[in-house]
Structure formats: structure tokens, C-alpha cells
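Right, one structure below, let's go through it.
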Amino acid sequence: MAELPSGLLEACVVIGASTDKLRDIYQLHVQNKLKEFPLLEGEVLQVHAPPFVSKETNSSQLIGPAFSRVQKRRSFIKKKRRDRAADVLPNGETSNSTEESSTTDDISVPKDLDLIALPQLCFPGGLQLSNEQREDRYHFLVFTDLFGNRTHGVVVQYDRAVQSCQEGAVQNGNRWNSSKSRLYTPFALCVISKFPYYNALKDCLSCLLVLLRLARQADFEETIKEFSAKLSLVPIPPPGQLHVSFNLRPINVVLPSRHDQDSPIIDLDLHLPFLCFTHATLLQVLSCLLQEQKLVFFSADWARLTLVAESLLLYLQPLSWQQPYVPVLARGMLDFLMAPTAFLMGCHISHFEEVAAETEELILVNVDDGIIQSSWSEVFDLPSIPLAAAESFISRAECLRLHYDLEQCHLGAATDANALRGQRREWQTRLNTQIQNIALELVVTVFRGVQDFLNHEHRVFNSEEFLRTREPSDQLFYKTVLDTHIFHSFLRDRLNRKQDSFSRMEQNTRNHAHRNRAMTESPRRPLLSDLSRSGYRSYTSPSDRLSRRLGASLPNLEQPAHDSATTLSSNRYASFRRMTPDAGFKCPQRAVKVFRLPEFPPPLAYHYVQNYYSDMVSSLGKAINATPAGESALMARYHYLRGLVNTVSNRRLDALEDFQSLYKTDSDIFPSQMVKTLVDSLPAGEKLQVEKRPELRRLISRVRREQERELARDGNRSEEDAVKRFKLPKTYMQLEEFVKCIQESGIVKDHGTIHRLFDALTVGHQKQVGPELFRVFYTIWKETEAEAQEVGLPASVSEHIEPSECIFKLSSSVKTSRGVGKIAMTQRRLFLLTDGRPGYVEVAQYRDLEEVKVSSAPFLLLRIPSLKLRVQGRKEAFEANLKTETELWNLMVKEMWAGRNMADQHKDPQYMQQALTNALLMDAVVGSLQSSKAIYAASKLAHFERIKMEVPMMVPKTTADTLKHKINPSVELAEPQAVDVLLYTPGQLWVSVSTGSVMVFDASSWSLTHTCHVGNARLNCMLGVDKDQVWMGSEDSVIYIISMLAMVCNRQLTEHRAEVTGLALDLDKYSQKVAYSCSAEGSVMVWDVPTLQVKKQFRLSCDRLQSVYSCNGTLWCASRENLMEVWRNGSLKRRLTLPEQQKGSTATFSSLLLLPEKEELWSVCVDSGDVCIWRTDDTTKPYERVVLQDCAGCHCMIKVKNQVWVGGVSRTAAKGKIYILDAERHQILKELHGHNDQVTALCSAEDRYVLSGAGKQDGKVAIWKVE
């Protein structure tokens, strides 16, 4: 049976010197025969591990009864060799221990707990006796298994009088036979947990010591066992806003929860490294960690080693240290430092000189003095963290308030110890949050832009291109980091599109300029505004790279075409604007609740433990009932905890019911493995009960499906873990291999463009591209990019250029009709960069060109090839003697001109970006072929010029006047994807494409803001339910709920048994908001929106139910074959069908529209070009039919103002068409031609705009103005 998650306690171990050894030493001490106390070896004296109680009857099928998992156990053999020959003591005496033979005791311990090294780690400096009682001493341990899983230990060393450990001696340790005979021996109590609750476990041990000091020796073991049993009853809080507290007397102990599923538990003081190191030194240490050096920390305080090391590793989150990690090395473990791999280890400061002298290639960090140095040199010469990130980090860190006493000066003295601890904990939590933000911003700044160089389809990272975007002074740092395991793991998460703290901050701190450039698919070039700021040096700022993610948009759709380019603000990180600790991205502060566990029962009696669990279930039930319906996240945490308690107390069905509730409250914390274990452990009787409870039957069915998917994923696990670096090919490539190689290189993703490039490179020979040809092509492409990056423009030139423009191509210096200089090509214009003192001469904006042709200019007796351009509004043509470059520039300028015209006519900036890519590919093809056929080959890439010559480019005037803009949700993909659903909510446009991918656009600029992945199936419908909820019905039968505020999808409605096809919203008879959903097999459900509970459900008899609408107290439902009006109780009121359907036709309804104010019902069919209009007040009257010209079928329909917009497909051209009908007169007002595939979705934006989405051949969203 699979194991359950651990509770707080994994084991409690007592370490000390053997009784025999202590007796011998004590006798010598009393006789004054000891010159000094020897260092003794610790031994495991006791091991306490759950489960501590079990039911007296047969419990073979029980899962409980403690929060720790049921563990396979083994025997730990503690050998006491009483007959060891002549144990020599420091004074030369031998111990008198020959009268007893050796014995063995069995100690039962958890299977995965290794006790061999534990005594050394609990006494890393050795077990030292003393004639004076010392203060209690705490330190912390971290154990790592072969799979990288970590276990944590908190150790306290405390002294007990040796006399109190001997039989017949005085037990309380306060009375002595003689002051000279006092002798103290340390014991180590080690609490081991799967979770890093350092402060909480330290508090627990502090409470235990209070009890041990009062306990008799005979009660010593029982006291520790009871303590361990109590901790085994403590559940770990789920991720989120609910902490758990319990009373151990005399103090309350709090277990803080982790922030989310992917965040670590933080229960230590994160500011300790700031107290130990200067900011510059701290950055050096972090740089060494990122570069995976061999680091050794030194301190005189064992506790400080682990706490500082743990804090530093937390600073690197979500990057995770992958190398050996032993923060505390005992004096007998120094040989670990000879390991050949990178590592992070900690030693006592007394070993500093020894380690530094005998071991090479180590980074030595003196925590006590705040110094870092290398073992091979006095000078620390490793690459530093990039300057921009370091400056930002230091500026933030200088504002941190690290001293608690300064913050509490204004407060009076606390009279309650728990209240005082609570104040300190609250202050520390705030400070920890600020430090986490500062550290995360450092990581984001260092690795910002990594995702721009990833190819997700082929799982390739183009490291060379990424390095080219870094500052020259940072190159060495990045070259080292890119080869580390820590970075490889980070890349794997990026390729898997993991939504963690890095991705959230990276998205939220992107400035406006970067976000807008991220919306286009174009080759990387610096903006001219950046070039002007950087002077003549190479442009390498990492923040200004186009990430090629999605869309391109015009913020103001009303502005004229010549003004359409967005003026972008100066691109600086938000971190430089206002230097405060948390001026960067901040997560919304959540109101944290603390659930207090009941008082502990006698923990070694089964009956009392079961009552304790019952009390906890009761308390959690009260908490759930007292939680408002709007606080679903908090309610989810209560359900999770109650499910956990029900699990360990063997109330399996109740536990499953609690976990089922998580789908509606917060599915992110759903414990899949635990539920699987529960389901597998159900006895036959409970399985029968499950069949009678539909919600549990659905849960188990879903768990089974998830198991099947997991098995399928396991087969592809190696693919998910793979991260490849781009490498040039070594063999000849056919088309398929060429497509893959080009996509991996990051040059272009679009299949059509790559196919045209393949044709160009293979002109005149066999259809395959050789490795040498590809290498030359790739090199020229990169060299051209580098040349553009090295352009420096003075202010006198850059003031004529839009800040958003980039230089993409520069000619050689040529003579022109406007002077001598270099012709520069941007995405908007051509201009002349004059020689000598750089000056700006406008040549033409592409949209103003009238003619582009190759000419020739006389020179003595020769005719020199030239390029002649005629521009609107200018009498004289511009002529440039480009000589051998003339034919290439002719092709490039014509392509840019044609692309600009198409972009303007279709209001689609993507055409311009594609034309630019085509032009640059032409340049690389000509440079790589170097033959007489080079220009002909490059002409294969003149895509838009060919369209211009072959097909009339004019867009119908009606369409051009109505169309305002287009966005391309599929720009990041190799091929377009159909737009499945569109939804407008105030300020946002939601677009569903592919399998569960939802993109959210800002409606003020039509720029992408978020991408969410909702399940793994196609979405059929979306509905804005309130200010914070968008419901999405999926083919996988689930309704997903996205929070508009947090942009997370963590709630699901799983009651449907077939794909969800329709959603609607209305008020019930009590004016309470209700939602309706329908699924393909005919089920209709009525939902109470605040509680997400099904109020009513019924089933209609029909062939594929497709949509549901609420109107005037009834529901209208559309199936393939008929339209049904249904009373709210589910009874059928009437059914409408088309006459041709009654005659056996296969006409299929696709959409219906209710106009209640006109008492009309409009319907369209997927295979008919007619709109049928019914009277809802009297359906016996003949319906009216409006014939749509040249329409093969309709797919969607909406009402806007007094118009009805119908989306369909043309009968003749198989392209998308939109028909605008007058709702009053039932006449066609306009026909719009804006898509190359059928129109699949329509929605309205505040009756100002209509948005239309098209099928896979087009894949774009068009924005139309409503008149």
C-alpha cells in the first residue's frame, strides 16, 4: 500500500554516552584519577517513531492511526561491548568492564532513517563531559537521500548530572555527595521531520526540556515517548493562508504554511545572512552558489551554519540547489570535503586553517567574520553577479529594517510570553516577505529573458543567442551558470511552462515597452531609443529583447494609420524607480488564519487518540460553517485538514468527501497521491457505499482517469525532463529535418515561411540542405543581427525615429541622390545615415512608396546598377547606387512595401512583421548562396509581393471601414490554431485556442497580459459570472473557474458526466444569482453562484445538447435537431424544429439568439445559409427566413445595439464572412470579409466593438467597430 504523507514528527532520537562508560569515568573522577575529561562517542539510546498506538483488534486494513505514514520498520542493533579489552582512558587507567558479556538491544526505527551517522552529527564537536552544568545548546541538521529528498533535524544538547543517571543515586540532580564529585554529561535530543520547521521544533524541544528537568530518571524515556507521540498527532497545514498552532505548555507553537504548492516552508529568520555579511559579500556568496562552486561555511556556532545556509538557498528560489548539501560536518567527516563534485558544507571555525591548507578549489566562507575567500588564492576572482541586478539588490537591501528592537521602541513591556512571541513572529514574517521579494527580484533580473530563447516544441535552449544578449562584462558569469545543474533544472521548469514565483514576477514586472514588443514575432533587434541611449557601444541590454510571445496591437484604435506605432516609454526595470524593500512585485497580502488544535490527550492510548481526532473534526466542521462562502480558499484549507484527520482516523468516506470539496474551493491543493491511497484501501463494504454516493463515485472515477494519464506521462517522462542546446547540423537535411532545425535555432517558427526558405536554399539542386550551407546561412543571419546591434545613433538622428523602431539592415556606404551614406531599414521606413558627421535623411515610409525599381546611373562610360524609389508627395525620385546590392534591396523593399500595404488594409500588424522576416531571410539567402541564382532563390521568399502580383490586395470598402485591428493568438505557435471561444469582461478579452489554452488581452491596448492553461481539452463556452469569476466549460466534462483578480484557475465543478457545451446566467425567483450549465448528453444543472452547489438538475431527451439560455422564467436549449423551451423545473414546454428536419434533412442547429424585448428567437444552422426568426409568444406562427447571400453555414450569432451579427463561412471562397442584420427590419446591412477561415466565435465589447475569431486556417481575432 502506498505511504501517506508524514506528520510533523518523523522520529525522536536520544543520543548520549553509554551508561557503562559513564560509570567508569565517574568512578575515576571521584577518585581524582582523571587529569582531563575524554571525548566520548555518542550512542543511540532511544528511538521513538510513529505509530505509537494501534487498535487492539485486527488493524491490518487500517491506514492510521497517527499523522505519520504507516512505516515499514527495521531493527537497529545497539551493541554494548562490555568485554572490550582494556579500554584505555586518558590517565592511563583501564576500564573495569570484563565481568559482563556483550548484549544487543533491538530498537525499531523507520525504514528510511539512517542512525549510523546521527551520533556524530548530534555531537559534531564530540561528546564532552564537564564538572559544570552548561547552557542548553541547539543546532540544526539536514539529511539528503539518494533521490535528493531532504529530511530536517533539530538537536538540543543539554546536561544532566552523571549521578542522576546511576542507579541508587539521588534523582533530582540538585543534591550532591560532594561538590568535588559533580560531573555532567550531555544528552542530545534530535527531533527529525520531513519538513523544515526549525523554529517550531526548537520551541517544542524547549518545552520538553522543562519536563525533563522535573522528571525522575525512571520517567525519562516515558516523558520523551509521550512528547514524541504528541508531535505525531500534529498535522502539517496545507499550502495557503491557514497556519496550525498547538499548546505544549508553557508556550503555543505555530506551524506556518507554505505560500503555495511550489513554495518552500519558511520557519526561520531569513535576515540572518544580512547580519553576517555586507551586501557585496552576500552577492558574492550567491554568485558562487549559482555557479555551483565547492563552498564550505565556517562558524563557531553550529546552529548558525545551517540557518545561514538554508536562508541562502531560499534566496535562490525557485532555483533549487542540486549538489551535495551537508550544512554541519562533524569533526570526523572532514574527508567529505575531498568530494570531486560541487557541494555546500559547513565546518567548525577551528578547522578553517586545516581545510584551507590541505584542500584546493574551495570557496571558504567565514560566517562569523563575514569574509569570503578561495583556498587557492588570497584574491576572490570568480565572476560576479551581473551589475544591474547587483545594484538593484543592494539598493533594495539598504532599506531593510533588520533590527527588531528598533521597530518595537514605541511598545510597552509585554506581560504575556505568548503575546510577545506573537509580536516577534509577525515582525519576522513581514521581514521575511520583504527579503523573499528582494531575492526573487534578483533572480528574475539575472535570468530575465531566458524564456525568449526556448523552443518548447523541440525542448531546445539557444544558449549562444542568450549569451549574445548579455553585457560583455557578464559573459563569463553566464557561461559558467549555463552549464550548472541548478540552471538545467530551472530550464526544465521553463520548458514545462511551470507557473511559479519566477514566472509570475517576470510577467508582472515587465515594463510596457517589453510587453508590447513581446507581442510580435520578429527577429531580435534593439530599439533605436536604446541605441541612442547607449551611444556607439554594442547593444546588449537583456531587458529589451523581443520575446516573440503573442499578438501585436494598436493601443488606440481610433488614431489614424500613419500614427499607429506605439510610443514606448524609456525601458528601465521597475526596480530602479523607487528603492524600497518591497517596491518590486508584491503578492497580495492574505489574511492569515490560525487553526488551534485541541489540547493533546494522553497520546499513548488508542481510545483517547481517536477522541482527539473526533474533537479536531468537530472543530474543523465549526470553522467550515463559520467561513463565508466568498472565502473559498480558506474553506479549502479547512476541508483539506479535516480530510487529513478523517484519513488517519479511518473515516475514509468522510475523508474522500472533504477532498472532493477541494475541486470547488481550491483544486491546487488537491492531494492526488493521498486520495489514490484512500481509494485503493477501501474495503468491499465501503466500496458498496461509494456506489450510493454520486459525488464520491465521480471522484473515484476521476482519480482512476488521472492514474491512467499519469501512467501515460511516465512513459514520456524522459522527454519532459530533456533540455537540449541548439547545435548546428552535421548531416544533410530533408524538409522535415530542416523545419525542426530552423525552429530550434530560433530564426523563425512558421511552417509556411520555413518551407519557402527550404525552396530558396535548394534552388537548382537536390532538395536537401547540407550542413556547410546551413552553417554559412546561420552565420550570416547572426552577423547581420550583430551589425545592427552595433549601430550607434546620436541624438540628432534618433529624434527623427520612433522609440519603438529597430534597425534591421544597413547597406554599405553608397552614393545616393541625397548624399553619401548608408541606407538603414527599420520596420517603418528607409532612411539615409549620412557619412562623416552622422545625419538623418528621410528616404521613405513604406506606406508612402509609389514605385520601386532597378535602374542604372551613368559613371564615366559605365552604367552602375541603382535602386530608384518614387514616394508620394515628392517630385524627385530617390536613387541609390547600390551596385551589387541593388537586386537584393529591390526584393527587400518591395516585400516590405507589400507587407505594409497588407497590414494597413487588413489592420493586421502581423503582416508587417512577417514581411520583415521575409526580407531578412532574403538577405541571408543571398549571402549564403553567392551564385548567379542567389537573387532568384531569394525571390522565393517574396511572399507578399507574390500575393500582390497574383491576387488583388484590395479589401472591400465596407470591410476596411469597419475593421479596426487584428491580433494573432497563435503567433508563438508553428501553425495557427482555431479560436474556439471569445469572451469580453470589463477591460479584458478572453480567447480560448487549442486544448485548454486561454489568453487574456488588455482591452485598452489589445495587448496580451496573461496566459492560462485550463485542463487538457478544448473549451466549448465561457461565462463571466461576477467581478472575479469566469466559468469555462470543457470537453473533459469539467467547468473550470478562473479568478480574474489572481488569474489562477484553482476551482472546478465536476458534476457533469459529459462535455460541457453551454453556460448561462440569471436571477432566480428570490433575485439570487444562479448559473445554468448543460452538457452534451442532455443534462442541465442550476448552480448557486456563491456556494457553487447544484440547486437543481434535470435531463432533456435530445441528440447532443449544445447551449442553454435563460429568459423570462424559462430556459431555451438548443440541440442538434431542435430548440426546446423548458420550465425551470425541467419539464418541457415546447419543441421547435425546421420543416426540412421533419422531412429527414440533416440540418443542424449551431446557435440561437433570444430577443426578449421583441419576443423573437433567432436560429442558424451549421450547414445552412439561412437565419430563422421565430415568434416566442406564438410559435405556431410561421417563422421568418432571412437568406444570407453566398453563405454555406453559420456558427455563431450575437446582438449588438439594434443589430444582429452572424458569423459563417462563404460558399464560394471557403473564407469567413460576417453578416450584420437589422434587428428591426430583418434586413442585411453589411457583409464583412475579414478571415481566411470560417468565423467560429463572436463577442461584444461594451457595444463599441465586436470581436470575431476564426478557424485554424486563419486563427486570428478581428476587432470591428460597431456603428
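Naming works like this for the C-alpha cells: A, B, ... for the chains as they're shown, residue 1 at the start of each chain, ligands 1 onward in shown order.
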For Thr1009 of chain A, work out the shell of residues within 8 Å, counting only C-alpha atoms and skipping chain neighbours fewer than 4 positions away, then give it as a VMD selection string.
-> chain A and resid 999 to 1002
Distance query Val1038 of chain A at most 8 Å, only C-alpha atoms, self and fewer than 3 positions along chain excluded, as a list in words |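 Near Val1038 of chain A, the qualifying residues are Gly1033, Ser1034, Glu1035, Gln1052, Leu1053, Thr1054, Glu1055, His1056, Glu1059 and Val1060 of chain A.
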How about saving the chosen residues, N, CA and C atoms kept, as a tab-separated table (two decimals), in the first residue's frame?
```tsv
chain	number	residue	atom	x	y	z
A	1033	GLY	N	-16.53	25.99	-19.72
A	1033	GLY	CA	-16.98	24.62	-19.91
A	1033	GLY	C	-16.09	23.89	-20.89
A	1034	SER	N	-15.66	22.69	-20.52
A	1034	SER	CA	-14.65	21.98	-21.29
A	1034	SER	C	-15.18	20.66	-21.83
A	1035	GLU	N	-14.49	20.16	-22.85
A	1035	GLU	CA	-14.83	18.85	-23.40
A	1035	GLU	C	-14.56	17.72	-22.41
A	1052	GLN	N	-12.99	23.92	-9.62
A	1052	GLN	CA	-13.60	23.13	-10.68
A	1052	GLN	C	-14.95	22.61	-10.21
A	1053	LEU	N	-15.87	22.56	-11.16
A	1053	LEU	CA	-17.17	21.93	-10.92
A	1053	LEU	C	-17.18	20.64	-11.73
A	1054	THR	N	-17.30	19.53	-11.03
A	1054	THR	CA	-17.10	18.22	-11.68
A	1054	THR	C	-18.37	17.38	-11.77
A	1055	GLU	N	-19.54	18.02	-11.58
A	1055	GLU	CA	-20.78	17.24	-11.53
A	1055	GLU	C	-21.22	16.69	-12.88
A	1056	HIS	N	-20.84	17.33	-13.99
A	1056	HIS	CA	-21.29	16.84	-15.30
A	1056	HIS	C	-20.57	15.55	-15.67
A	1059	GLU	N	-19.20	16.26	-21.91
A	1059	GLU	CA	-18.59	17.57	-22.18
A	1059	GLU	C	-19.60	18.69	-21.96
A	1060	VAL	N	-19.13	19.74	-21.31
A	1060	VAL	CA	-19.97	20.90	-21.01
A	1060	VAL	C	-20.05	21.76	-22.27
```
Residues near segment 767-780 of chain A, cut-off 7 Å, only C-alpha atoms, skip fewer than 3 positions along chain, as a PyMOL selection string = chain A and resi 728-735+761-762+783-784+924-925+927-928
Please, could you write that set of residues out with all heavy atoms as a tab-separated table (two decimals), in the first residue's frame?
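Generated file (out.tsv):
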```
chain	number	residue	atom	x	y	z
A	728	LEU	N	24.48	23.15	-34.51
A	728	LEU	CA	24.41	23.14	-35.96
A	728	LEU	C	24.37	21.70	-36.47
A	728	LEU	O	25.02	20.81	-35.89
A	728	LEU	CB	25.60	23.88	-36.55
A	728	LEU	CG	25.63	25.39	-36.31
A	728	LEU	CD1	26.95	25.98	-36.77
A	728	LEU	CD2	24.47	26.08	-37.02
A	729	PRO	N	23.64	21.45	-37.54
A	729	PRO	CA	23.52	20.07	-38.06
A	729	PRO	C	24.84	19.58	-38.65
A	729	PRO	O	25.68	20.38	-39.10
A	729	PRO	CB	22.44	20.20	-39.14
A	729	PRO	CG	22.52	21.62	-39.58
A	729	PRO	CD	22.87	22.41	-38.35
A	730	LYS	N	25.00	18.27	-38.65
A	730	LYS	CA	26.22	17.66	-39.19
A	730	LYS	C	25.95	16.77	-40.39
A	730	LYS	O	26.87	16.19	-40.96
A	730	LYS	CB	26.92	16.85	-38.10
A	730	LYS	CG	27.40	17.70	-36.93
A	730	LYS	CD	28.12	16.86	-35.89
A	730	LYS	CE	28.60	17.74	-34.74
A	730	LYS	NZ	29.30	16.94	-33.69
A	731	THR	N	24.67	16.65	-40.76
A	731	THR	CA	24.31	15.82	-41.90
A	731	THR	C	23.37	16.59	-42.81
A	731	THR	O	22.84	17.65	-42.44
A	731	THR	CB	23.62	14.52	-41.45
A	731	THR	OG1	22.43	14.87	-40.69
A	731	THR	CG2	24.55	13.69	-40.56
A	732	TYR	N	23.16	16.07	-44.01
A	732	TYR	CA	22.22	16.68	-44.93
A	732	TYR	C	20.80	16.54	-44.39
A	732	TYR	O	20.46	15.53	-43.78
A	732	TYR	CB	22.33	16.04	-46.32
A	732	TYR	CG	23.49	16.58	-47.13
A	732	TYR	CD1	24.77	16.07	-46.95
A	732	TYR	CD2	23.30	17.60	-48.05
A	732	TYR	CE1	25.84	16.56	-47.68
A	732	TYR	CE2	24.36	18.10	-48.79
A	732	TYR	CZ	25.64	17.58	-48.59
A	732	TYR	OH	26.68	18.09	-49.31
A	733	MET	N	19.99	17.56	-44.66
A	733	MET	CA	18.64	17.60	-44.09
A	733	MET	C	17.59	17.63	-45.19
A	733	MET	O	17.66	18.47	-46.10
A	733	MET	CB	18.48	18.84	-43.20
A	733	MET	CG	19.33	18.84	-41.95
A	733	MET	SD	19.10	20.36	-40.98
A	733	MET	CE	19.87	21.56	-42.07
A	734	GLN	N	16.62	16.72	-45.10
A	734	GLN	CA	15.42	16.81	-45.89
A	734	GLN	C	14.51	17.88	-45.28
A	734	GLN	O	14.84	18.47	-44.26
A	734	GLN	CB	14.71	15.45	-45.93
A	734	GLN	CG	15.57	14.30	-46.41
A	734	GLN	CD	15.91	14.38	-47.89
A	734	GLN	OE1	15.21	15.05	-48.65
A	734	GLN	NE2	16.98	13.70	-48.30
A	735	LEU	N	13.36	18.10	-45.89
A	735	LEU	CA	12.48	19.19	-45.45
A	735	LEU	C	12.10	19.06	-43.98
A	735	LEU	O	12.16	20.04	-43.22
A	735	LEU	CB	11.22	19.22	-46.33
A	735	LEU	CG	10.16	20.25	-45.92
A	735	LEU	CD1	10.71	21.66	-45.97
A	735	LEU	CD2	8.91	20.14	-46.81
A	761	LEU	N	16.87	27.79	-50.54
A	761	LEU	CA	18.22	27.26	-50.34
A	761	LEU	C	18.51	26.05	-51.21
A	761	LEU	O	19.68	25.66	-51.35
A	761	LEU	CB	18.42	26.89	-48.86
A	761	LEU	CG	18.50	28.07	-47.87
A	761	LEU	CD1	18.57	27.56	-46.44
A	761	LEU	CD2	19.70	28.96	-48.19
A	762	THR	N	17.47	25.45	-51.78
A	762	THR	CA	17.68	24.25	-52.60
A	762	THR	C	17.43	24.53	-54.08
A	762	THR	O	17.22	23.58	-54.85
A	762	THR	CB	16.78	23.11	-52.12
A	762	THR	OG1	15.41	23.55	-52.13
A	762	THR	CG2	17.16	22.67	-50.71
A	783	GLU	N	25.40	37.38	-38.09
A	783	GLU	CA	26.28	38.53	-38.31
A	783	GLU	C	25.49	39.78	-38.66
A	783	GLU	O	25.79	40.88	-38.21
A	783	GLU	CB	27.29	38.21	-39.42
A	783	GLU	CG	28.39	37.26	-38.98
A	783	GLU	CD	29.32	36.90	-40.13
A	783	GLU	OE1	28.98	37.26	-41.28
A	783	GLU	OE2	30.36	36.28	-39.88
A	784	THR	N	24.45	39.60	-39.47
A	784	THR	CA	23.61	40.74	-39.82
A	784	THR	C	22.94	41.30	-38.58
A	784	THR	O	22.83	42.52	-38.40
A	784	THR	CB	22.54	40.31	-40.84
A	784	THR	OG1	23.16	39.70	-41.95
A	784	THR	CG2	21.72	41.51	-41.30
A	924	ALA	N	19.96	36.84	-45.94
A	924	ALA	CA	20.80	35.73	-45.52
A	924	ALA	C	20.96	34.70	-46.64
A	924	ALA	O	22.03	34.10	-46.81
A	924	ALA	CB	20.23	35.08	-44.27
A	925	VAL	N	19.91	34.48	-47.44
A	925	VAL	CA	19.98	33.51	-48.55
A	925	VAL	C	20.97	34.00	-49.60
A	925	VAL	O	21.82	33.22	-50.09
A	925	VAL	CB	18.58	33.29	-49.15
A	925	VAL	CG1	18.68	32.58	-50.50
A	925	VAL	CG2	17.72	32.48	-48.21
A	927	GLY	N	23.45	36.05	-49.23
A	927	GLY	CA	24.80	36.00	-48.68
A	927	GLY	C	25.36	34.60	-48.61
A	927	GLY	O	26.57	34.39	-48.76
A	928	SER	N	24.50	33.61	-48.40
A	928	SER	CA	24.98	32.24	-48.24
A	928	SER	C	25.16	31.51	-49.56
A	928	SER	O	26.00	30.63	-49.67
A	928	SER	CB	24.03	31.46	-47.33
A	928	SER	OG	22.72	31.44	-47.87
```
Near Pro601 of chain A, counting only C-alpha atoms, which residues have an atom at most 12 Å away, once you skip same-chain residues fewer than 2 positions from it, shown as a ChimeraX atom specification?
-> /A:226-227,229-231,233,247-248,597-599,603-616
For Lys883 of chain A, work out the shell of residues within 7 Å, counting only C-alpha atoms and skipping chain neighbours fewer than 4 positions away, then give it as an MDAnalysis selection string.
-> chainID A and resid 864:866
Now that the selection is made, can you save its residues with N, CA and C atoms as an mmCIF file, in the first residue's frame?
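What ended up in again.cif:
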```cif
data_model
loop_
_atom_site.group_PDB
_atom_site.id
_atom_site.type_symbol
_atom_site.label_atom_id
_atom_site.label_comp_id
_atom_site.auth_asym_id
_atom_site.auth_seq_id
_atom_site.Cartn_x
_atom_site.Cartn_y
_atom_site.Cartn_z
ATOM 1 N N ILE A 864 26.049 52.085 -63.671
ATOM 2 C CA ILE A 864 26.109 51.428 -62.370
ATOM 3 C C ILE A 864 24.692 51.089 -61.920
ATOM 4 N N PRO A 865 24.437 49.807 -61.552
ATOM 5 C CA PRO A 865 23.085 49.447 -61.081
ATOM 6 C C PRO A 865 22.673 50.289 -59.885
ATOM 7 N N SER A 866 21.432 50.737 -59.868
ATOM 8 C CA SER A 866 20.934 51.570 -58.769
ATOM 9 C C SER A 866 19.490 51.195 -58.466
#
```
Please identify all polymer residues within 8 Å of Arg182 of chain A, counting only C-alpha atoms, omitting same-chain residues fewer than 5 positions from it, and present them as a ChimeraX atom specification.
-> /A:131-132,161-163,176
N, CA, C and O atoms of the current selection, written as an mmCIF file, in the first residue's frame:
```
data_model
loop_
_atom_site.group_PDB
_atom_site.id
_atom_site.type_symbol
_atom_site.label_atom_id
_atom_site.label_comp_id
_atom_site.auth_asym_id
_atom_site.auth_seq_id
_atom_site.Cartn_x
_atom_site.Cartn_y
_atom_site.Cartn_z
ATOM 1 N N ASN A 131 32.496 19.414 34.590
ATOM 2 C CA ASN A 131 32.167 19.457 36.013
ATOM 3 C C ASN A 131 31.281 20.651 36.346
ATOM 4 O O ASN A 131 31.035 20.936 37.511
ATOM 5 N N GLU A 132 30.833 21.373 35.299
ATOM 6 C CA GLU A 132 29.868 22.457 35.478
ATOM 7 C C GLU A 132 28.732 22.269 34.479
ATOM 8 O O GLU A 132 28.949 21.867 33.333
ATOM 9 N N ALA A 161 23.345 15.609 35.345
ATOM 10 C CA ALA A 161 24.374 15.119 36.249
ATOM 11 C C ALA A 161 24.558 13.620 36.065
ATOM 12 O O ALA A 161 23.582 12.869 35.948
ATOM 13 N N VAL A 162 25.810 13.192 36.015
ATOM 14 C CA VAL A 162 26.087 11.762 35.864
ATOM 15 C C VAL A 162 25.482 10.987 37.022
ATOM 16 O O VAL A 162 24.974 9.877 36.859
ATOM 17 N N GLN A 163 25.460 11.601 38.232
ATOM 18 C CA GLN A 163 24.898 10.923 39.399
ATOM 19 C C GLN A 163 23.441 10.553 39.182
ATOM 20 O O GLN A 163 22.973 9.500 39.603
ATOM 21 N N TRP A 176 24.080 16.695 46.139
ATOM 22 C CA TRP A 176 25.320 16.040 45.765
ATOM 23 C C TRP A 176 26.003 15.484 46.999
ATOM 24 O O TRP A 176 25.899 16.018 48.091
#
```
Closest to Asn508 of chain A among A:His271, A:Ile25, A:Arg1225, A:His1010, using only C-alpha atoms?
-> A:His1010
Could you pull out the residues in segment 592-800 of chain A that DSSP calls strand (DSSP E or B) from the backbone, as a VMD selection string?
-> chain A and resid 593 to 596 724 to 725 733 769
